[in-house]
Amino acid sequence: MEIFGYPLPMIMSQLLLGLVNGSFYAMLSLGLAVIFGLLNVINFSHGALYMMGAFLAWMGIEYWGLNYWAMLILAPLMVGVFGIVIEKTMLRHLYKLDHLYGLLLTFGITLLVEGVFRSFYGVSGQPFQVPEALAGATDLGFMVMPNYRGWVVVASLVVCLSTWFVIEKTKLGAYLRAGTENPKLVEAFGINVPLMVTLTYGFGVALAGFAGVLAAPIIQVQPLMGQNLIIVVFAVVVIGGMGSIMGSILTGLGLGVIEGLTKVFYPEFSSTVVFLVMVVVLLLRPAGLFGKER
Amino acid sequence: MKIKAITLAVATCATFSAQAQISGDTIKIGFITDMSGLYTDIDGAGGAEAIKMAIADAGGNINGKKIEFISADHQNKADIAASKAREWFDQQGVDMLIGGTNSGANLAMAKVAAEKKKVFISIGAGSARLTNEECTPYTVHYAYDTIALARGTGGAIVKQGGKSWYFMTADYAFGQSLEKDTSEVVKAGGGKVLGAVKHPLSASDFSSFLLQAQSSGAQILGLANAGGDAINSIKAANEFGITKKMKLAGLLIFINDVHSLGLNLTQGMYLTDGWYWDANDDTRAWSKRYFAKMKKEPSMLQAADYSAAGNYLKAVKAVGTDDSDKVIAYLKANKINDMFTKNGVIRPDGRMVHDMYLMEVKKSAESKYPWDYYKVVATIPGDQAYATKAETKCSLWK
């Protein structure tokens with residue numbers, strides 16, 4: 001059986017690969033959406049923190065003798081702590097100003113973080129092996145799927161859906177959302193809103209760190225690895241609707257699939273297709289697919 | 001009046017004689033390369049260190065005239081490279097410029113150097129245009145070019161029995177010309193090209209492209225890309241088990257890339273290089289000195305930086321002046337013999353012709369010590385590796 005002259009197994013394997021890449025987009029754009037939705041900060045340092053997650057994982061294995069699984073927990077925690085320090089010392093003072101100031105600050109942080117890693121480790125990248133338990137591949141009939149890529153999809157779906165659940169369906173999430181809408185009133189109920197905001201930022205960037213660790217065995221671990229990804233991820237957030245949690249998850253996965261199919265039909269166009277979708281969506285729905293007009 | 005005339009005459013003589021010998025009373029070498037971007041590890045600060053070693057080996061001065069060195073980062077922007085070169089020639093009295101990585105930046109610097117009539121030695125650029133359409137009397141292209149890479153890897157692998165090819169090509173000038181040149185060599189050697197997939201520069205993921213390559217059934221997967229793209233392609237090729245069925249041929253892979261990937265992922269891969277630190281006693285001796293400073297083994301480019309600066313200084317010493325025309329004439333008339341190459345020849349088009357090597361990356365078990373990465377599979381003689389007189393588009397060599 002063929003679709004547009006391409007064999008079906010090929011289309012199916014590209015769909016599956018698109019889903020893998022979409023998982024990364026989803027996880028990164030989710031972090032951005034959480035931070036923008038609850039803090040109104042456009043976090044441009046997301047790519048650098050993603051890189052930091054990957055590097056910390058590499059350091060943990062190389063210098064501290066830990067394994068991949070330990071670093072999968074530790075690296076996001078460390079990135080989260082780094083984010084909390086940024087929020088407490090710098091970002092906090094910008095909430096009352098225009099969005100652009102937050103963007104400029106986080107962009108500056110990106111340059112600093114990337115510069116520091118570059119001067120210590122150069123740009124060739126560090127070797128990073130797939131953890132032994134996930135090495136090898138499974139034959140799915142229509143394609144051979146590396147086990148590690150399957151793990152990436154599962155891990156990112158679990159993380160994304162739990163985040164959505166906590167924010168949209170639990171009491172803690174309700175406090176968070178209320179805190180963004182009307183901080184004064186929520187504080188009057190005895191809830192520590194500034195602490196909540198700090199932790200939210202820490203959690204958002206920890207998601208970036210987590211994605212970095214997941215990506216390390218697949219993508220070259222080097223200081224500029226976040227740069228290429230961050231632009232696409234911003235496009236995903238814009239398409240999904242700034243600040244929409246479910247929107248960013250679904251858009252991330254969807255765009256991964258669209259990109260995957262483009263790689264078969266017109267490979268040269270594959271890195272541009274996301275932006276074409278963005279233009280079309282913005283023309284038809286300026287607030288994004290899942291965003292609410294304010 | 002008389003005194004004034006005599007003073008003027010003396011001064012004029014002095015100026016003339018100084019021009020005939022060493023301009024500005026110093027021999028000044030400039031080095032413009034990528035010091036902060038994606039090419040820093042293959043050249044960058046290591047390249048600057050190599051040139052400093054060449055200056056120290058020349059004794060730091062020639063006939064009492066001091067040798068000076070300055071370097072700058074072109075940030076991979078051709079306009080920065082060109083304006084820096086112009087400033088150095090005009091105001092800093094730079095006598096010879098070494099161009100590091102990035103073809104675009106090197107083509108721009110070559111133009112400025114030709115206009116100022118200064119020696120320009122290009123090390124890190126791959127583009128063969130430097131000694132073809134855009135050749136100048138003052139440009140020397142020293143380490144390698146895309147033609148040599150294509151002929152080296154393409155030609156030698158076909159001879160080894162790798163007859164059917166599929167290309168994964170970075171979709172810009174460099175990747176396309178590499179694919180085109182290699183395809184020609186493969187076909188000329190009796191091989192077949194079954195297809196190619198063009199991927200965008202810095203693509204996020206290569207697995208889709210690799211599956212397309214795999215379904216072609218070709219024996220050899222030619223990687224007509226470089227740097228991060230090549231590294232991510234190789235990582236994904238291993239993950240998807242493609243390396244079990246196809247043999248990878250990296251068309252521009254540096255030892256730093258192999259080091260960064262590790263032997264598990266690269267073993268068995270073919271690549272072409274112009275120099276290897278562990279090739280013989282001379283290269284090992286020099287690399288040991290380099291390693292003591294940089295804590296890494298040198299790439300072909302860093303070794304070529306040393307060799308180019310060293311041979312330039314040798315030429316200045318031999319002709320007793322830093323006059324560009326005389327130095328270039330000497331360089332083109334005398335063979336280059338040092339740790340970088342034996343019997344290297346600089347042709348009238350500026351191409352430094354030297355042997356290239358087809359390498360196979362060792363298996364982990366074969367690697368006995370750090371940076372023990374390559375086996376030399378074939379030597380490609382210089383006169384077969386580079387463009388010939390019949391093919392050249394350079395007007396200086398007709």
# chains A, B, ... in the order shown; residues from 1 in each chain; ligands from 1
call {"tool": "residues_around", "arguments": {"residues": "Val197 (chain A)", "least_positions_apart": "4", "cutoff": "7 Å", "atoms": "only C-alpha atoms", "output": "list of chain:residue names"}}
result
A:Leu39, A:Val193, A:Tyr201
call {"tool": "write_last_selection", "arguments": {"atoms": "C-alpha atoms", "output": "PDB file, in the first residue's frame"}}
result
ATOM      1  CA  LEU A  39       4.477  34.588  35.755  1.00  0.00           C
ATOM      2  CA  VAL A 193       2.162  33.938  46.541  1.00  0.00           C
ATOM      3  CA  TYR A 201       9.690  29.298  37.813  1.00  0.00           C
TER       4      TYR A 201
END
call {"tool": "closest_atom_pairs", "arguments": {"of": "chain B", "to": "chain A", "cutoff": "8 Å", "atoms": "only C-alpha atoms", "output": "JSON lines"}}
result
{"residue": "B:Ser36", "atom": "CA", "partner": "A:Arg118", "partner_atom": "CA", "distance": 7.9}
{"residue": "B:Gly37", "atom": "CA", "partner": "A:Val123", "partner_atom": "CA", "distance": 7.3}
{"residue": "B:Leu38", "atom": "CA", "partner": "A:Val123", "partner_atom": "CA", "distance": 5.8}
{"residue": "B:Tyr39", "atom": "CA", "partner": "A:Val123", "partner_atom": "CA", "distance": 7.5}
{"residue": "B:Thr40", "atom": "CA", "partner": "A:Val123", "partner_atom": "CA", "distance": 6.8}
{"residue": "B:Asp41", "atom": "CA", "partner": "A:Gly122", "partner_atom": "CA", "distance": 6.2}
{"residue": "B:Asp171", "atom": "CA", "partner": "A:Glu268", "partner_atom": "CA", "distance": 6.9}
{"residue": "B:Val197", "atom": "CA", "partner": "A:Pro267", "partner_atom": "CA", "distance": 7.1}
{"residue": "B:Lys198", "atom": "CA", "partner": "A:Glu268", "partner_atom": "CA", "distance": 5.9}
{"residue": "B:His199", "atom": "CA", "partner": "A:Glu268", "partner_atom": "CA", "distance": 5.4}
{"residue": "B:Pro200", "atom": "CA", "partner": "A:Glu268", "partner_atom": "CA", "distance": 5.5}
{"residue": "B:Ser202", "atom": "CA", "partner": "A:Asn228", "partner_atom": "CA", "distance": 7.1}
{"residue": "B:Ala203", "atom": "CA", "partner": "A:Ser271", "partner_atom": "CA", "distance": 6.7}
{"residue": "B:Ser204", "atom": "CA", "partner": "A:Leu229", "partner_atom": "CA", "distance": 7.0}
{"residue": "B:Asp205", "atom": "CA", "partner": "A:Asn21", "partner_atom": "CA", "distance": 7.5}
{"residue": "B:Ser207", "atom": "CA", "partner": "A:Leu17", "partner_atom": "CA", "distance": 7.3}
{"residue": "B:Ser208", "atom": "CA", "partner": "A:Gln14", "partner_atom": "CA", "distance": 6.1}
{"residue": "B:Phe209", "atom": "CA", "partner": "A:Lys263", "partner_atom": "CA", "distance": 7.0}
{"residue": "B:Gln212", "atom": "CA", "partner": "A:Val264", "partner_atom": "CA", "distance": 7.8}
{"residue": "B:Gly227", "atom": "CA", "partner": "A:Ser124", "partner_atom": "CA", "distance": 7.8}
{"residue": "B:Gly228", "atom": "CA", "partner": "A:Gln220", "partner_atom": "CA", "distance": 6.8}
{"residue": "B:Ile231", "atom": "CA", "partner": "A:Gln220", "partner_atom": "CA", "distance": 6.6}
{"residue": "B:Asn232", "atom": "CA", "partner": "A:Ile219", "partner_atom": "CA", "distance": 5.7}
{"residue": "B:Lys235", "atom": "CA", "partner": "A:Ile218", "partner_atom": "CA", "distance": 6.5}
{"residue": "B:Ala236", "atom": "CA", "partner": "A:Ile218", "partner_atom": "CA", "distance": 6.7}
{"residue": "B:Glu239", "atom": "CA", "partner": "A:Pro146", "partner_atom": "CA", "distance": 6.1}
{"residue": "B:Phe240", "atom": "CA", "partner": "A:Pro146", "partner_atom": "CA", "distance": 5.9}
{"residue": "B:Gly241", "atom": "CA", "partner": "A:Ala137", "partner_atom": "CA", "distance": 7.8}
{"residue": "B:Asn256", "atom": "CA", "partner": "A:Ser124", "partner_atom": "CA", "distance": 6.6}
{"residue": "B:Asp257", "atom": "CA", "partner": "A:Ser124", "partner_atom": "CA", "distance": 6.3}
{"residue": "B:His259", "atom": "CA", "partner": "A:Pro127", "partner_atom": "CA", "distance": 8.0}
{"residue": "B:Ser260", "atom": "CA", "partner": "A:Gln126", "partner_atom": "CA", "distance": 5.1}
{"residue": "B:Leu261", "atom": "CA", "partner": "A:Pro127", "partner_atom": "CA", "distance": 4.9}
{"residue": "B:Gly262", "atom": "CA", "partner": "A:Pro127", "partner_atom": "CA", "distance": 5.9}
call {"tool": "closest_residue", "arguments": {"among": "B:Thr272, B:Thr243, B:Ser299, B:Gln160", "to": "Thr146 (chain B)", "atoms": "only C-alpha atoms"}}
result
B:Thr272
call {"tool": "closest_residue", "arguments": {"among": "B:Thr101, B:Thr131, B:Ser307, B:Asn61", "to": "His74 (chain B)", "atoms": "only C-alpha atoms"}}
result
B:Thr101
call {"tool": "select_by_dssp", "arguments": {"residues": "region 44-228 of chain A", "states": "alpha helix (DSSP H)", "output": "NGL selection string"}}
result
:A and (46-62 or 68-89 or 99-121 or 147-169 or 171-181 or 183-188 or 193-215 or 225-228)
call {"tool": "closest_residue", "arguments": {"among": "A:Ala188, A:Ala26, A:Leu104, A:Met242", "to": "Leu255 (chain A)", "atoms": "only C-alpha atoms"}}
result
A:Ala26
call {"tool": "residues_around", "arguments": {"residues": "Met59 (chain A)", "least_positions_apart": "6", "cutoff": "12 Å", "atoms": "only C-alpha atoms", "output": "list in words"}}
result
Met52, Gly53, Gly65, Leu66, Asn67, Tyr68, Ala70, Met71, Leu74, Ala75, Phe117, Tyr121, Gln126, Pro127, Phe128, Val213, Ala216 and Val221 of chain A
call {"tool": "atom_distance", "arguments": {"atom1": "CA of Trp277 (chain B)", "atom2": "CA of Gly310 (chain B)"}}
result
17.6 Å
call {"tool": "residues_around", "arguments": {"residues": "region 238-240 of chain A", "least_positions_apart": "4", "cutoff": "12 Å", "atoms": "only C-alpha atoms", "output": "VMD selection string"}}
result
chain A and resid 25 to 26 29 to 30 32 to 33 36 42 231 to 234 244 to 255 274 to 292
call {"tool": "residues_around", "arguments": {"residues": "Ile220 (chain B)", "least_positions_apart": "4", "cutoff": "12 Å", "atoms": "only C-alpha atoms", "output": "ChimeraX atom specification"}}
result
/B:153-154,157-158,160-168,183,186,191-196,213-214,216,242-251,268-270
call {"tool": "residues_around", "arguments": {"residues": "Asn280 (chain B)", "least_positions_apart": "2", "cutoff": "12 Å", "atoms": "only C-alpha atoms", "output": "PyMOL selection string"}}
result
chain B and resi 275-278+282-287+338-342+376
call {"tool": "select_by_dssp", "arguments": {"residues": "region 43-180 of chain B", "states": "strand (DSSP E or B)", "output": "list of chain:residue names"}}
result
B:Asn61, B:Ile62, B:Lys65, B:Lys66, B:Ile67, B:Glu68, B:Phe69, B:Ile70, B:Ser71, B:Ala72, B:Asp73, B:Met96, B:Leu97, B:Ile98, B:Gly99, B:Val119, B:Phe120, B:Ile121, B:Ser122, B:Thr139, B:Val140, B:His141, B:Ser164, B:Trp165, B:Tyr166, B:Phe167, B:Met168, B:Thr169, B:Ala170
call {"tool": "atom_distance", "arguments": {"atom1": "CA of Ile167 (chain A)", "atom2": "CA of Val41 (chain A)"}}
result
17.4 Å
call {"tool": "atom_distance", "arguments": {"atom1": "CA of Ile98 (chain B)", "atom2": "CA of Ser122 (chain B)"}}
result
5.8 Å
call {"tool": "decode", "arguments": {"residues": "region 140-207 of chain B", "atoms": "C-alpha atoms", "output": "mmCIF file, in the first residue's frame"}}
result
data_model
loop_
_atom_site.group_PDB
_atom_site.id
_atom_site.type_symbol
_atom_site.label_atom_id
_atom_site.label_comp_id
_atom_site.auth_asym_id
_atom_site.auth_seq_id
_atom_site.Cartn_x
_atom_site.Cartn_y
_atom_site.Cartn_z
ATOM 1 C CA VAL B 140 48.351 30.004 -0.702
ATOM 2 C CA HIS B 141 45.769 27.333 0.164
ATOM 3 C CA TYR B 142 47.594 25.077 2.545
ATOM 4 C CA ALA B 143 45.858 22.204 4.317
ATOM 5 C CA TYR B 144 43.039 20.690 2.221
ATOM 6 C CA ASP B 145 40.074 21.547 0.012
ATOM 7 C CA THR B 146 36.703 20.045 -0.885
ATOM 8 C CA ILE B 147 38.100 18.492 -4.080
ATOM 9 C CA ALA B 148 40.722 16.579 -2.104
ATOM 10 C CA LEU B 149 38.107 15.434 0.413
ATOM 11 C CA ALA B 150 35.808 14.211 -2.337
ATOM 12 C CA ARG B 151 38.554 12.446 -4.264
ATOM 13 C CA GLY B 152 40.115 11.047 -1.143
ATOM 14 C CA THR B 153 37.047 9.586 0.438
ATOM 15 C CA GLY B 154 35.082 8.909 -2.752
ATOM 16 C CA GLY B 155 37.882 7.505 -4.877
ATOM 17 C CA ALA B 156 39.540 5.408 -2.221
ATOM 18 C CA ILE B 157 36.333 3.836 -0.919
ATOM 19 C CA VAL B 158 35.223 2.809 -4.405
ATOM 20 C CA LYS B 159 38.610 1.134 -4.816
ATOM 21 C CA GLN B 160 38.027 -0.677 -1.516
ATOM 22 C CA GLY B 161 34.800 -2.110 -2.954
ATOM 23 C CA GLY B 162 32.217 0.413 -1.719
ATOM 24 C CA LYS B 163 30.400 0.721 -5.035
ATOM 25 C CA SER B 164 26.883 1.920 -4.160
ATOM 26 C CA TRP B 165 26.389 5.237 -2.399
ATOM 27 C CA TYR B 166 23.663 7.320 -0.795
ATOM 28 C CA PHE B 167 24.321 10.881 0.343
ATOM 29 C CA MET B 168 23.052 12.824 3.297
ATOM 30 C CA THR B 169 23.757 16.404 2.323
ATOM 31 C CA ALA B 170 23.598 19.674 4.216
ATOM 32 C CA ASP B 171 21.417 21.888 2.051
ATOM 33 C CA TYR B 172 23.842 24.766 1.333
ATOM 34 C CA ALA B 173 26.763 25.534 -0.972
ATOM 35 C CA PHE B 174 29.360 23.522 0.947
ATOM 36 C CA GLY B 175 27.265 20.356 1.247
ATOM 37 C CA GLN B 176 26.038 20.467 -2.328
ATOM 38 C CA SER B 177 29.490 20.910 -3.847
ATOM 39 C CA LEU B 178 30.857 18.136 -1.659
ATOM 40 C CA GLU B 179 28.068 15.819 -2.816
ATOM 41 C CA LYS B 180 28.574 16.776 -6.457
ATOM 42 C CA ASP B 181 32.368 16.338 -6.392
ATOM 43 C CA THR B 182 32.170 13.026 -4.567
ATOM 44 C CA SER B 183 29.412 11.673 -6.839
ATOM 45 C CA GLU B 184 31.581 12.377 -9.879
ATOM 46 C CA VAL B 185 34.507 10.500 -8.385
ATOM 47 C CA VAL B 186 32.310 7.568 -7.360
ATOM 48 C CA LYS B 187 30.824 7.280 -10.853
ATOM 49 C CA ALA B 188 34.224 7.664 -12.516
ATOM 50 C CA GLY B 189 35.491 4.775 -10.389
ATOM 51 C CA GLY B 190 32.664 2.502 -11.561
ATOM 52 C CA GLY B 191 30.395 3.061 -8.555
ATOM 53 C CA LYS B 192 26.723 4.044 -8.427
ATOM 54 C CA VAL B 193 24.931 6.824 -6.577
ATOM 55 C CA LEU B 194 21.509 5.537 -5.555
ATOM 56 C CA GLY B 195 20.169 8.783 -4.185
ATOM 57 C CA ALA B 196 20.569 11.668 -1.766
ATOM 58 C CA VAL B 197 18.538 13.464 0.846
ATOM 59 C CA LYS B 198 19.136 17.153 1.480
ATOM 60 C CA HIS B 199 18.614 18.230 5.069
ATOM 61 C CA PRO B 200 18.417 21.810 6.371
ATOM 62 C CA LEU B 201 21.552 23.163 8.059
ATOM 63 C CA SER B 202 21.522 22.429 11.825
ATOM 64 C CA ALA B 203 18.513 20.117 11.534
ATOM 65 C CA SER B 204 16.978 19.122 14.864
ATOM 66 C CA ASP B 205 16.923 15.389 14.225
ATOM 67 C CA PHE B 206 18.399 13.122 11.590
ATOM 68 C CA SER B 207 16.537 9.874 12.137
#
